[in-house]
$ cat final.pdb   # PDB, C-alpha atoms
ATOM      1  CA  MET A   1      28.996  27.736 -17.879
ATOM      2  CA  SER A   2      26.908  24.786 -16.693
ATOM      3  CA  THR A   3      24.777  22.957 -19.241
ATOM      4  CA  VAL A   4      21.162  21.844 -18.896
ATOM      5  CA  VAL A   5      19.845  19.353 -21.450
ATOM      6  CA  VAL A   6      16.096  19.528 -22.095
ATOM      7  CA  CYS A   7      14.664  16.256 -23.400
ATOM      8  CA  THR A   8      11.352  16.375 -25.224
ATOM      9  CA  ASP A   9       9.224  14.537 -27.750
ATOM     10  CA  GLY A  10       8.688  17.751 -29.683
ATOM     11  CA  THR A  11       5.780  19.151 -27.691
ATOM     12  CA  VAL A  12       8.293  21.418 -25.936
ATOM     13  CA  ASP A  13      10.843  23.352 -27.987
ATOM     14  CA  GLU A  14      13.289  26.219 -27.631
ATOM     15  CA  ALA A  15      10.447  28.754 -27.612
ATOM     16  CA  ALA A  16       9.179  27.273 -24.315
ATOM     17  CA  PRO A  17       9.306  29.545 -21.226
ATOM     18  CA  CYS A  18      11.854  27.256 -19.563
ATOM     19  CA  THR A  19      14.553  28.281 -22.058
ATOM     20  CA  LYS A  20      14.610  31.927 -21.014
ATOM     21  CA  LEU A  21      14.236  30.955 -17.362
ATOM     22  CA  LEU A  22      17.338  28.752 -17.489
ATOM     23  CA  ARG A  23      19.404  31.101 -19.626
ATOM     24  CA  ASP A  24      18.595  34.055 -17.383
ATOM     25  CA  ALA A  25      19.892  31.913 -14.494
ATOM     26  CA  GLY A  26      23.210  31.512 -16.321
ATOM     27  CA  PHE A  27      22.845  28.089 -17.944
ATOM     28  CA  ASP A  28      23.695  26.943 -21.415
ATOM     29  CA  VAL A  29      20.548  25.150 -22.666
ATOM     30  CA  ARG A  30      20.636  22.290 -25.154
ATOM     31  CA  PHE A  31      17.582  20.490 -26.504
ATOM     32  CA  GLU A  32      17.211  16.815 -27.375
ATOM     33  CA  ILE A  33      14.058  16.711 -29.488
ATOM     34  CA  ASP A  34      13.232  13.132 -30.445
ATOM     35  CA  SER A  35       9.924  11.378 -29.843
ATOM     36  CA  GLN A  36      11.327   7.846 -29.638
ATOM     37  CA  PHE A  37      14.144   8.971 -27.350
ATOM     38  CA  ALA A  38      11.792  10.881 -25.054
ATOM     39  CA  HIS A  39       9.499   7.880 -24.736
ATOM     40  CA  GLY A  40      12.355   5.555 -23.802
ATOM     41  CA  GLU A  41      12.431   3.718 -27.126
ATOM     42  CA  CYS A  42      16.175   4.022 -27.573
ATOM     43  CA  GLU A  43      19.429   2.218 -26.921
ATOM     44  CA  PRO A  44      21.390   3.118 -23.758
ATOM     45  CA  GLN A  45      24.137   4.594 -25.937
ATOM     46  CA  ARG A  46      21.675   7.151 -27.295
ATOM     47  CA  VAL A  47      21.009   8.480 -23.793
ATOM     48  CA  LEU A  48      24.722   8.384 -23.017
ATOM     49  CA  ASP A  49      25.455  10.523 -26.075
ATOM     50  CA  ALA A  50      22.687  12.978 -25.221
ATOM     51  CA  MET A  51      24.049  13.507 -21.696
ATOM     52  CA  ARG A  52      27.582  14.337 -22.844
ATOM     53  CA  GLY A  53      28.593  17.584 -21.116
ATOM     54  CA  ALA A  54      25.342  17.818 -19.134
ATOM     55  CA  ASP A  55      25.361  19.085 -15.555
ATOM     56  CA  ALA A  56      21.578  18.778 -15.238
ATOM     57  CA  VAL A  57      18.774  17.390 -17.355
ATOM     58  CA  LEU A  58      15.071  18.068 -17.699
ATOM     59  CA  ALA A  59      14.131  14.446 -18.297
ATOM     60  CA  TRP A  60      11.192  12.987 -20.207
ATOM     61  CA  GLY A  61      10.761   9.187 -20.370
ATOM     62  CA  GLU A  62      14.275   8.108 -21.348
ATOM     63  CA  PRO A  63      16.051   5.743 -18.915
ATOM     64  CA  TYR A  64      18.601   6.898 -16.339
ATOM     65  CA  THR A  65      20.649   3.955 -15.113
ATOM     66  CA  ALA A  66      23.617   3.345 -12.836
ATOM     67  CA  GLU A  67      25.732   2.778 -15.936
ATOM     68  CA  LEU A  68      24.742   6.163 -17.314
ATOM     69  CA  PHE A  69      25.505   7.909 -14.035
ATOM     70  CA  ASP A  70      28.957   6.274 -13.899
ATOM     71  CA  ALA A  71      29.711   7.284 -17.479
ATOM     72  CA  ARG A  72      28.536  10.875 -16.990
ATOM     73  CA  PRO A  73      29.869  11.891 -13.548
ATOM     74  CA  ASP A  74      29.222  15.596 -14.209
ATOM     75  CA  LEU A  75      25.469  14.984 -14.180
ATOM     76  CA  ARG A  76      24.224  16.243 -10.813
ATOM     77  CA  ILE A  77      20.475  16.774 -11.251
ATOM     78  CA  VAL A  78      17.787  14.736 -13.009
ATOM     79  CA  ALA A  79      14.649  16.897 -13.039
ATOM     80  CA  ARG A  80      11.745  14.808 -14.342
ATOM     81  CA  ILE A  81       9.113  16.598 -16.411
ATOM     82  CA  GLY A  82       6.146  14.884 -14.756
ATOM     83  CA  VAL A  83       5.538  12.827 -11.639
ATOM     84  CA  GLY A  84       6.482   9.321 -12.798
ATOM     85  CA  PHE A  85      10.013   8.183 -12.039
ATOM     86  CA  GLU A  86      10.068   4.468 -12.881
ATOM     87  CA  ASN A  87      12.693   5.100 -15.578
ATOM     88  CA  VAL A  88      15.165   6.609 -13.104
ATOM     89  CA  ASP A  89      17.283   4.356 -10.884
ATOM     90  CA  ILE A  90      16.722   6.325  -7.673
ATOM     91  CA  PRO A  91      19.021   4.228  -5.425
ATOM     92  CA  ALA A  92      21.841   4.513  -7.969
ATOM     93  CA  ALA A  93      21.324   8.255  -8.245
ATOM     94  CA  THR A  94      21.294   8.657  -4.466
ATOM     95  CA  GLN A  95      24.430   6.576  -4.047
ATOM     96  CA  ARG A  96      26.230   8.867  -6.503
ATOM     97  CA  GLY A  97      24.904  12.116  -5.044
ATOM     98  CA  ILE A  98      22.569  12.929  -7.932
ATOM     99  CA  VAL A  99      19.378  14.737  -6.947
ATOM    100  CA  VAL A 100      16.200  13.526  -8.659
ATOM    101  CA  THR A 101      13.131  15.740  -8.743
ATOM    102  CA  ILE A 102       9.603  15.536 -10.122
ATOM    103  CA  THR A 103       6.975  18.206 -10.828
ATOM    104  CA  PRO A 104       4.251  17.516  -8.255
ATOM    105  CA  ASN A 105       2.429  20.817  -8.624
ATOM    106  CA  ALA A 106       2.036  21.110 -12.384
ATOM    107  CA  ASN A 107      -0.318  18.509 -13.828
ATOM    108  CA  HIS A 108      -2.476  16.923 -11.133
ATOM    109  CA  ALA A 109      -5.517  18.999 -12.090
ATOM    110  CA  CYS A 110      -4.990  18.106 -15.743
ATOM    111  CA  VAL A 111      -4.878  14.371 -14.958
ATOM    112  CA  ALA A 112      -7.971  14.660 -12.772
ATOM    113  CA  GLU A 113      -9.833  16.416 -15.586
ATOM    114  CA  HIS A 114      -8.831  13.608 -17.952
ATOM    115  CA  ALA A 115      -9.998  10.924 -15.541
ATOM    116  CA  LEU A 116     -13.357  12.667 -15.305
ATOM    117  CA  ALA A 117     -13.472  12.960 -19.108
ATOM    118  CA  LEU A 118     -12.937   9.198 -19.419
ATOM    119  CA  ILE A 119     -15.670   8.571 -16.856
ATOM    120  CA  PHE A 120     -18.072  10.687 -18.908
ATOM    121  CA  ALA A 121     -16.964   9.109 -22.188
ATOM    122  CA  VAL A 122     -17.590   5.566 -20.953
ATOM    123  CA  ALA A 123     -20.697   6.198 -18.855
ATOM    124  CA  LYS A 124     -22.384   8.246 -21.568
ATOM    125  CA  ARG A 125     -21.092   6.030 -24.431
ATOM    126  CA  ILE A 126     -19.912   9.130 -26.274
ATOM    127  CA  VAL A 127     -17.349   7.426 -28.502
ATOM    128  CA  ALA A 128     -19.519   4.400 -29.337
ATOM    129  CA  ASN A 129     -22.493   6.594 -30.204
ATOM    130  CA  ASP A 130     -20.351   8.904 -32.310
ATOM    131  CA  VAL A 131     -19.057   5.925 -34.303
ATOM    132  CA  ALA A 132     -22.554   4.460 -34.711
ATOM    133  CA  MET A 133     -23.993   7.733 -36.008
ATOM    134  CA  ARG A 134     -21.180   8.176 -38.520
ATOM    135  CA  GLN A 135     -22.095   4.712 -39.814
ATOM    136  CA  GLY A 136     -25.723   5.734 -40.308
ATOM    137  CA  GLY A 137     -27.133   4.599 -36.986
ATOM    138  CA  TRP A 138     -29.294   6.412 -34.453
ATOM    139  CA  PRO A 139     -28.504   4.645 -31.139
ATOM    140  CA  ASN A 140     -30.795   6.555 -28.785
ATOM    141  CA  GLU A 141     -31.645   3.693 -26.422
ATOM    142  CA  ALA A 142     -31.617   4.594 -22.720
ATOM    143  CA  THR A 143     -28.345   2.818 -21.881
ATOM    144  CA  LEU A 144     -26.393   5.751 -20.458
ATOM    145  CA  LEU A 145     -25.180   5.676 -16.850
ATOM    146  CA  PRO A 146     -25.607   8.594 -14.419
ATOM    147  CA  LEU A 147     -22.830  10.028 -12.286
ATOM    148  CA  ARG A 148     -24.981  11.913  -9.782
ATOM    149  CA  GLY A 149     -25.662   9.869  -6.689
ATOM    150  CA  ARG A 150     -23.198   7.171  -7.713
ATOM    151  CA  THR A 151     -20.044   6.160  -5.847
ATOM    152  CA  ILE A 152     -16.544   6.763  -7.136
ATOM    153  CA  GLY A 153     -13.667   4.904  -5.498
ATOM    154  CA  ILE A 154     -10.308   6.638  -5.777
ATOM    155  CA  VAL A 155      -7.209   4.480  -5.301
ATOM    156  CA  GLY A 156      -4.495   6.917  -4.268
ATOM    157  CA  LEU A 157      -5.392  10.162  -2.529
ATOM    158  CA  GLY A 158      -2.386  12.242  -3.502
ATOM    159  CA  ARG A 159      -2.614  15.471  -5.466
ATOM    160  CA  THR A 160      -4.318  13.881  -8.472
ATOM    161  CA  GLY A 161      -6.679  11.801  -6.362
ATOM    162  CA  ARG A 162      -7.662  14.845  -4.329
ATOM    163  CA  SER A 163      -8.231  16.884  -7.482
ATOM    164  CA  LEU A 164     -10.455  14.140  -8.869
ATOM    165  CA  ALA A 165     -12.328  13.869  -5.567
ATOM    166  CA  ALA A 166     -13.188  17.573  -5.660
ATOM    167  CA  ARG A 167     -14.481  17.323  -9.225
ATOM    168  CA  ALA A 168     -16.473  14.183  -8.498
ATOM    169  CA  ALA A 169     -18.060  15.780  -5.440
ATOM    170  CA  ALA A 170     -19.091  18.724  -7.616
ATOM    171  CA  MET A 171     -20.941  16.177  -9.782
ATOM    172  CA  SER A 172     -22.902  15.060  -6.685
ATOM    173  CA  MET A 173     -21.021  11.772  -6.447
ATOM    174  CA  ARG A 174     -20.271   9.935  -3.222
ATOM    175  CA  VAL A 175     -16.460   9.779  -2.892
ATOM    176  CA  ILE A 176     -14.610   6.954  -1.145
ATOM    177  CA  ALA A 177     -10.854   6.462  -1.241
ATOM    178  CA  THR A 178      -7.947   4.341  -0.112
ATOM    179  CA  ASP A 179      -4.274   5.203   0.281
ATOM    180  CA  VAL A 180      -1.211   3.919   2.096
ATOM    181  CA  VAL A 181      -0.857   7.332   3.730
ATOM    182  CA  ILE A 182      -4.008   8.235   5.623
ATOM    183  CA  ASP A 183      -4.993  11.842   6.346
ATOM    184  CA  PRO A 184      -8.324  11.509   8.171
ATOM    185  CA  ASP A 185      -8.600  15.243   8.872
ATOM    186  CA  TYR A 186      -8.360  16.097   5.171
ATOM    187  CA  ALA A 187     -10.756  13.325   4.213
ATOM    188  CA  GLU A 188     -13.312  14.437   6.782
ATOM    189  CA  SER A 189     -13.056  18.066   5.667
ATOM    190  CA  GLN A 190     -13.784  17.007   2.074
ATOM    191  CA  CYS A 191     -16.496  14.453   2.928
ATOM    192  CA  ILE A 192     -14.333  11.613   1.578
ATOM    193  CA  GLU A 193     -14.915   8.218   3.165
ATOM    194  CA  LEU A 194     -11.678   6.293   3.755
ATOM    195  CA  THR A 195     -11.664   2.522   3.449
ATOM    196  CA  ASP A 196      -9.480  -0.381   2.319
ATOM    197  CA  LEU A 197      -9.110  -1.555  -1.279
ATOM    198  CA  ASP A 198     -11.465  -4.536  -1.021
ATOM    199  CA  ALA A 199     -14.267  -2.464   0.463
ATOM    200  CA  LEU A 200     -13.700   0.260  -2.109
ATOM    201  CA  LEU A 201     -13.956  -2.204  -4.998
ATOM    202  CA  ALA A 202     -17.147  -3.722  -3.592
ATOM    203  CA  GLN A 203     -18.917  -0.376  -3.171
ATOM    204  CA  SER A 204     -17.815   1.692  -6.173
ATOM    205  CA  ASP A 205     -19.700   2.275  -9.408
ATOM    206  CA  PHE A 206     -16.530   3.842 -10.793
ATOM    207  CA  VAL A 207     -12.991   2.891  -9.727
ATOM    208  CA  SER A 208     -10.133   5.240 -10.633
ATOM    209  CA  LEU A 209      -6.451   4.396 -10.190
ATOM    210  CA  ASN A 210      -4.446   7.456  -9.165
ATOM    211  CA  CYS A 211      -1.525   5.891  -7.302
ATOM    212  CA  PRO A 212       2.163   5.597  -8.258
ATOM    213  CA  LEU A 213       3.730   2.472  -9.723
ATOM    214  CA  ASN A 214       6.285   0.859  -7.417
ATOM    215  CA  GLU A 215       7.194  -2.545  -6.024
ATOM    216  CA  ASP A 216       4.157  -2.534  -3.747
ATOM    217  CA  THR A 217       1.597  -1.489  -6.358
ATOM    218  CA  ALA A 218       2.771  -3.374  -9.466
ATOM    219  CA  GLY A 219      -0.073  -5.629 -10.608
ATOM    220  CA  LEU A 220      -2.390  -4.077  -8.023
ATOM    221  CA  MET A 221      -5.460  -4.881 -10.127
ATOM    222  CA  GLY A 222      -5.634  -8.536 -11.163
ATOM    223  CA  ALA A 223      -8.351 -11.111 -11.704
ATOM    224  CA  ALA A 224      -9.244 -11.317  -8.007
ATOM    225  CA  GLN A 225      -9.553  -7.546  -7.679
ATOM    226  CA  PHE A 226     -11.704  -7.143 -10.794
ATOM    227  CA  ARG A 227     -13.973  -9.883  -9.496
ATOM    228  CA  LYS A 228     -14.403  -7.901  -6.271
ATOM    229  CA  MET A 229     -15.738  -4.919  -8.211
ATOM    230  CA  LYS A 230     -19.488  -4.407  -8.508
ATOM    231  CA  PRO A 231     -21.041  -6.021 -11.584
ATOM    232  CA  GLY A 232     -21.316  -3.345 -14.274
ATOM    233  CA  ALA A 233     -18.806  -1.019 -12.612
ATOM    234  CA  ILE A 234     -16.501   1.134 -14.745
ATOM    235  CA  PHE A 235     -12.724   1.002 -14.358
ATOM    236  CA  ILE A 236     -10.500   4.044 -15.005
ATOM    237  CA  ASN A 237      -6.690   4.132 -15.132
ATOM    238  CA  VAL A 238      -4.815   7.403 -15.641
ATOM    239  CA  ALA A 239      -1.854   6.384 -13.460
ATOM    240  CA  ARG A 240       0.451   3.674 -14.838
ATOM    241  CA  GLY A 241      -0.184   0.593 -16.959
ATOM    242  CA  GLY A 242       1.932  -1.610 -14.725
ATOM    243  CA  LEU A 243      -0.679  -1.323 -11.991
ATOM    244  CA  VAL A 244      -3.000  -3.578 -13.993
ATOM    245  CA  ASP A 245      -2.944  -7.166 -15.239
ATOM    246  CA  GLU A 246      -4.364  -6.387 -18.679
ATOM    247  CA  SER A 247      -5.265  -9.996 -19.473
ATOM    248  CA  ALA A 248      -7.422 -10.036 -16.332
ATOM    249  CA  LEU A 249      -9.039  -6.773 -17.399
ATOM    250  CA  VAL A 250      -9.792  -8.235 -20.828
ATOM    251  CA  ASP A 251     -11.446 -11.244 -19.174
ATOM    252  CA  ALA A 252     -13.523  -9.032 -16.862
ATOM    253  CA  LEU A 253     -14.793  -7.074 -19.851
ATOM    254  CA  ALA A 254     -15.323 -10.099 -22.088
ATOM    255  CA  THR A 255     -17.482 -11.839 -19.501
ATOM    256  CA  GLY A 256     -19.539  -8.688 -18.998
ATOM    257  CA  TRP A 257     -18.574  -8.423 -15.332
ATOM    258  CA  LEU A 258     -17.340  -4.858 -15.868
ATOM    259  CA  GLY A 259     -19.485  -2.252 -17.571
ATOM    260  CA  GLY A 260     -16.546  -0.586 -19.297
ATOM    261  CA  ALA A 261     -13.141   0.987 -18.912
ATOM    262  CA  GLY A 262     -11.361   4.252 -19.653
ATOM    263  CA  LEU A 263      -7.618   3.813 -20.091
ATOM    264  CA  ASP A 264      -4.858   6.334 -20.639
ATOM    265  CA  VAL A 265      -1.973   3.979 -19.800
ATOM    266  CA  PHE A 266      -0.947   0.434 -20.704
ATOM    267  CA  GLU A 267       1.462  -2.296 -19.643
ATOM    268  CA  HIS A 268       3.506  -1.802 -22.811
ATOM    269  CA  GLU A 269       3.671   1.568 -24.532
ATOM    270  CA  PRO A 270       3.237   2.374 -27.350
ATOM    271  CA  THR A 271       0.538  -0.241 -27.820
ATOM    272  CA  ASP A 272       0.050  -2.479 -30.855
ATOM    273  CA  GLY A 273      -2.880  -1.668 -33.101
ATOM    274  CA  ASP A 274      -4.415  -5.084 -32.459
ATOM    275  CA  HIS A 275      -4.397  -4.766 -28.673
ATOM    276  CA  PRO A 276      -7.249  -6.941 -27.297
ATOM    277  CA  LEU A 277      -8.663  -4.043 -25.266
ATOM    278  CA  PHE A 278      -9.317  -2.148 -28.497
ATOM    279  CA  GLY A 279     -11.988  -4.661 -29.466
ATOM    280  CA  PHE A 280     -14.529  -3.492 -26.882
ATOM    281  CA  ASP A 281     -16.920  -0.673 -27.721
ATOM    282  CA  ASN A 282     -17.321   0.075 -24.009
ATOM    283  CA  VAL A 283     -13.602   0.820 -23.623
ATOM    284  CA  VAL A 284     -12.252   4.310 -24.342
ATOM    285  CA  VAL A 285      -8.491   4.578 -24.803
ATOM    286  CA  CYS A 286      -5.936   7.382 -24.964
ATOM    287  CA  PRO A 287      -2.150   7.309 -25.633
ATOM    288  CA  HIS A 288      -0.831   8.315 -22.170
ATOM    289  CA  ILE A 289      -1.797  11.967 -22.535
ATOM    290  CA  ALA A 290      -3.771  12.610 -19.338
ATOM    291  CA  GLY A 291      -1.153  14.965 -17.932
ATOM    292  CA  ASN A 292      -0.333  16.731 -21.162
ATOM    293  CA  ASP A 293      -2.683  19.565 -21.888
ATOM    294  CA  THR A 294      -1.120  22.797 -23.126
ATOM    295  CA  GLN A 295      -1.101  24.493 -19.744
ATOM    296  CA  SER A 296       0.247  21.553 -17.780
ATOM    297  CA  LEU A 297       3.080  20.965 -20.263
ATOM    298  CA  ASP A 298       4.279  24.545 -19.880
ATOM    299  CA  ASP A 299       3.855  24.326 -16.108
ATOM    300  CA  MET A 300       5.721  21.001 -15.820
ATOM    301  CA  VAL A 301       8.720  22.177 -17.816
ATOM    302  CA  VAL A 302       8.881  25.458 -15.901
ATOM    303  CA  GLU A 303       8.620  23.623 -12.559
ATOM    304  CA  ALA A 304      11.387  21.195 -13.573
ATOM    305  CA  ALA A 305      13.574  24.099 -14.673
ATOM    306  CA  GLN A 306      12.879  25.931 -11.418
ATOM    307  CA  CYS A 307      13.963  22.840  -9.478
ATOM    308  CA  VAL A 308      17.337  22.978 -11.239
ATOM    309  CA  ILE A 309      17.671  26.697 -10.577
ATOM    310  CA  ASP A 310      16.696  26.363  -6.921
ATOM    311  CA  LEU A 311      19.150  23.529  -6.309
ATOM    312  CA  THR A 312      22.029  25.362  -7.958
ATOM    313  CA  GLN A 313      21.271  28.519  -5.983
ATOM    314  CA  GLY A 314      21.181  26.820  -2.602
ATOM    315  CA  ARG A 315      17.418  26.332  -2.259
ATOM    316  CA  TRP A 316      15.986  22.852  -1.655
ATOM    317  CA  PRO A 317      12.615  22.172  -3.398
ATOM    318  CA  GLU A 318      11.378  19.907  -0.628
ATOM    319  CA  THR A 319       8.175  18.602  -2.168
ATOM    320  CA  ALA A 320       9.810  17.918  -5.538
ATOM    321  CA  VAL A 321      12.933  16.006  -4.448
ATOM    322  CA  LEU A 322      12.621  12.211  -4.378
ATOM    323  CA  ASN A 323      15.896  11.341  -2.644
ATOM    324  CA  ARG A 324      15.555  13.713   0.276
ATOM    325  CA  GLU A 325      18.284  11.973   2.241
ATOM    326  CA  LEU A 326      20.771  14.012   0.189
ATOM    327  CA  LYS A 327      19.526  17.311   1.616
ATOM    328  CA  GLU A 328      22.161  17.766   4.307
ATOM    329  CA  THR A 329      25.177  16.777   2.213
ATOM    330  CA  TRP A 330      24.405  17.739  -1.381
ATOM    331  CA  ARG A 331      26.112  20.847  -2.754
ATOM    332  CA  TRP A 332      26.071  22.060  -6.337
ATOM    333  CA  GLN A 333      29.489  23.638  -5.905
ATOM    334  CA  SER A 334      31.098  20.247  -5.328
ATOM    335  CA  ALA A 335      30.553  19.434  -9.000
ATOM    336  CA  VAL A 336      32.360  22.537 -10.243
TER
END

$ encode --input "final.pdb" --output "structure tokens"
Amino acid sequence: MSTVVVCTDGTVDEAAPCTKLLRDAGFDVRFEIDSQFAHGECEPQRVLDAMRGADAVLAWGEPYTAELFDARPDLRIVARIGVGFENVDIPAATQRGIVVTITPNANHACVAEHALALIFAVAKRIVANDVAMRQGGWPNEATLLPLRGRTIGIVGLGRTGRSLAARAAAMSMRVIATDVVIDPDYAESQCIELTDLDALLAQSDFVSLNCPLNEDTAGLMGAAQFRKMKPGAIFINVARGGLVDESALVDALATGWLGGAGLDVFEHEPTDGDHPLFGFDNVVVCPHIAGNDTQSLDDMVVEAAQCVIDLTQGRWPETAVLNRELKETWRWQSAV
């Protein structure tokens, strides 16, 4: 019997729907429930031990390296629970015939909702006013920012960016966007104006990052980019911390150039309690939870499990597979 290891920080356990789904498909299911492990805060040996006897893994945030793949040659599928894959060595996996998948359909609406929640929280000063009232204040000055009629610039018009665009349009916002892959027909049908990054930064009252982290986008937002934003604009990041030079963001906030920020992700996670961004009352922060509401967690784990099942039963989950060049040659049976 083939074994699937399910890695989780504890928010998913053996009662999750994926367990029955995998067992009904004929798999032995083993759980690795450890918050530090699942968030990549572990030694390579810890991951090596966890993958002993594994034919497939539903992966969280733990690292998958060439060394791991060489030491565990039975591992044939790495099915990421989520859409980020920076902790998986994709070229090494491809070279060794290991299929890597993500869950593109499960949490984009959840992340878009969270981005909108951060926009509201910063623009309406919800957290700052809550704190002030609990300290005996009554801060009812007219300092809140409207969303209606304002421009939101979305950097990355994939599933999450499109979901955010729809929600922003419903709030009567003007939506502009930029992406490396342009779909003018879709943009026109949704009344989204396409532009380049510089023009987007110059026009937007709210800028939301919704693009993946890779070699081309690392450090995408630095001092020069923040300076190109409109004075008083609000910056939102629900994508990846590595997209942003945080010291430049701190400077842009400290000088008053930016009106605030809503951040779900950081350069280094978990963050230290004395992080300089925590000193601003116009910054709202969250611990990388934008994609993790109760529905999306269930959906992500089920989608990852279904990827494993499909691959082992001869079906190719086209939109979920990252190393699609393996499609013509990869066979589950070759590992048996």

$ atom_distance --input "final.pdb" --atom1 "atom CA of Val238 of chain A" --atom2 "atom CA of Asp299 of chain A"
19.0 Å

$ residues_around --input "final.pdb" --residues "segment 257-269 of chain A" --least-positions-apart "3" --cutoff "9 Å" --atoms "all atoms listed in the file" --output "MDAnalysis selection string"
chainID A and resid 39 114:115 117:119 121:123 226:227 229:246 249 251:254 272 280:290

$ residues_around --input "final.pdb" --residues "Pro317 of chain A" --least-positions-apart "3" --cutoff "12 Å" --atoms "all atoms listed in the file" --output "CSV table (one decimal) with C-alpha atoms, keeping the file's coordinate frame"
chain,number,residue,atom,x,y,z
A,79,ALA,CA,14.6,16.9,-13.0
A,99,VAL,CA,19.4,14.7,-6.9
A,100,VAL,CA,16.2,13.5,-8.7
A,101,THR,CA,13.1,15.7,-8.7
A,102,ILE,CA,9.6,15.5,-10.1
A,103,THR,CA,7.0,18.2,-10.8
A,104,PRO,CA,4.3,17.5,-8.3
A,105,ASN,CA,2.4,20.8,-8.6
A,303,GLU,CA,8.6,23.6,-12.6
A,304,ALA,CA,11.4,21.2,-13.6
A,305,ALA,CA,13.6,24.1,-14.7
A,306,GLN,CA,12.9,25.9,-11.4
A,307,CYS,CA,14.0,22.8,-9.5
A,308,VAL,CA,17.3,23.0,-11.2
A,309,ILE,CA,17.7,26.7,-10.6
A,310,ASP,CA,16.7,26.4,-6.9
A,311,LEU,CA,19.2,23.5,-6.3
A,312,THR,CA,22.0,25.4,-8.0
A,313,GLN,CA,21.3,28.5,-6.0
A,314,GLY,CA,21.2,26.8,-2.6
A,320,ALA,CA,9.8,17.9,-5.5
A,321,VAL,CA,12.9,16.0,-4.4
A,322,LEU,CA,12.6,12.2,-4.4
A,323,ASN,CA,15.9,11.3,-2.6
A,324,ARG,CA,15.6,13.7,0.3
A,327,LYS,CA,19.5,17.3,1.6

$ resolve_selection --input "final.pdb" --expression "the PyMOL selection byres ((chain A and resi 90-94) around 10)" --output "PDB file with C-alpha atoms, in the coordinates of the input"
ATOM      1  CA  TYR A  64      18.601   6.898 -16.339  1.00  0.00           C
ATOM      2  CA  THR A  65      20.649   3.955 -15.113  1.00  0.00           C
ATOM      3  CA  ALA A  66      23.617   3.345 -12.836  1.00  0.00           C
ATOM      4  CA  GLU A  67      25.732   2.778 -15.936  1.00  0.00           C
ATOM      5  CA  LEU A  68      24.742   6.163 -17.314  1.00  0.00           C
ATOM      6  CA  PHE A  69      25.505   7.909 -14.035  1.00  0.00           C
ATOM      7  CA  ASP A  70      28.957   6.274 -13.899  1.00  0.00           C
ATOM      8  CA  LEU A  75      25.469  14.984 -14.180  1.00  0.00           C
ATOM      9  CA  ARG A  76      24.224  16.243 -10.813  1.00  0.00           C
ATOM     10  CA  ILE A  77      20.475  16.774 -11.251  1.00  0.00           C
ATOM     11  CA  VAL A  78      17.787  14.736 -13.009  1.00  0.00           C
ATOM     12  CA  PHE A  85      10.013   8.183 -12.039  1.00  0.00           C
ATOM     13  CA  GLU A  86      10.068   4.468 -12.881  1.00  0.00           C
ATOM     14  CA  ASN A  87      12.693   5.100 -15.578  1.00  0.00           C
ATOM     15  CA  VAL A  88      15.165   6.609 -13.104  1.00  0.00           C
ATOM     16  CA  ASP A  89      17.283   4.356 -10.884  1.00  0.00           C
ATOM     17  CA  GLN A  95      24.430   6.576  -4.047  1.00  0.00           C
ATOM     18  CA  ARG A  96      26.230   8.867  -6.503  1.00  0.00           C
ATOM     19  CA  GLY A  97      24.904  12.116  -5.044  1.00  0.00           C
ATOM     20  CA  ILE A  98      22.569  12.929  -7.932  1.00  0.00           C
ATOM     21  CA  VAL A  99      19.378  14.737  -6.947  1.00  0.00           C
ATOM     22  CA  VAL A 100      16.200  13.526  -8.659  1.00  0.00           C
ATOM     23  CA  LEU A 322      12.621  12.211  -4.378  1.00  0.00           C
ATOM     24  CA  ASN A 323      15.896  11.341  -2.644  1.00  0.00           C
ATOM     25  CA  ARG A 324      15.555  13.713   0.276  1.00  0.00           C
ATOM     26  CA  GLU A 325      18.284  11.973   2.241  1.00  0.00           C
ATOM     27  CA  LEU A 326      20.771  14.012   0.189  1.00  0.00           C
TER      28      LEU A 326
END

$ residues_near_point --input "final.pdb" --point "(-10.5, 13.0, 6.7)" --cutoff "6 Å" --atoms "all atoms listed in the file" --output "PyMOL selection string"
chain A and resi 183-189

$ atom_distance --input "final.pdb" --atom1 "atom CA of Gly149 of chain A" --atom2 "atom CA of Ser172 of chain A"
5.9 Å

$ residues_around --input "final.pdb" --residues "segment 18-20 of chain A" --least-positions-apart "3" --cutoff "10 Å" --atoms "all atoms listed in the file" --output "list of chain:residue names"
A:Val4, A:Val6, A:Val12, A:Asp13, A:Glu14, A:Ala15, A:Arg23, A:Asp24, A:Ala25, A:Gly26, A:Phe27, A:Asp28, A:Val29, A:Arg30, A:Phe31, A:Leu58, A:Asp298, A:Asp299, A:Met300, A:Val301, A:Val302, A:Glu303, A:Ala304, A:Ala305, A:Gln306

$ build_atoms --input "final.pdb" --residues "segment 136-140 of chain A" --atoms "N, CA and C atoms" --output "tab-separated table (two decimals), in the coordinates of the input"
chain	number	residue	atom	x	y	z
A	136	GLY	N	-24.33	5.68	-39.90
A	136	GLY	CA	-25.72	5.73	-40.31
A	136	GLY	C	-26.71	5.34	-39.25
A	137	GLY	N	-26.24	5.02	-38.05
A	137	GLY	CA	-27.13	4.60	-36.99
A	137	GLY	C	-27.73	5.75	-36.21
A	138	TRP	N	-28.68	5.42	-35.35
A	138	TRP	CA	-29.29	6.41	-34.45
A	138	TRP	C	-29.53	5.73	-33.11
A	139	PRO	N	-28.43	5.49	-32.35
A	139	PRO	CA	-28.50	4.64	-31.14
A	139	PRO	C	-28.99	5.41	-29.92
A	140	ASN	N	-30.28	5.72	-29.88
A	140	ASN	CA	-30.80	6.56	-28.78
A	140	ASN	C	-31.50	5.76	-27.69
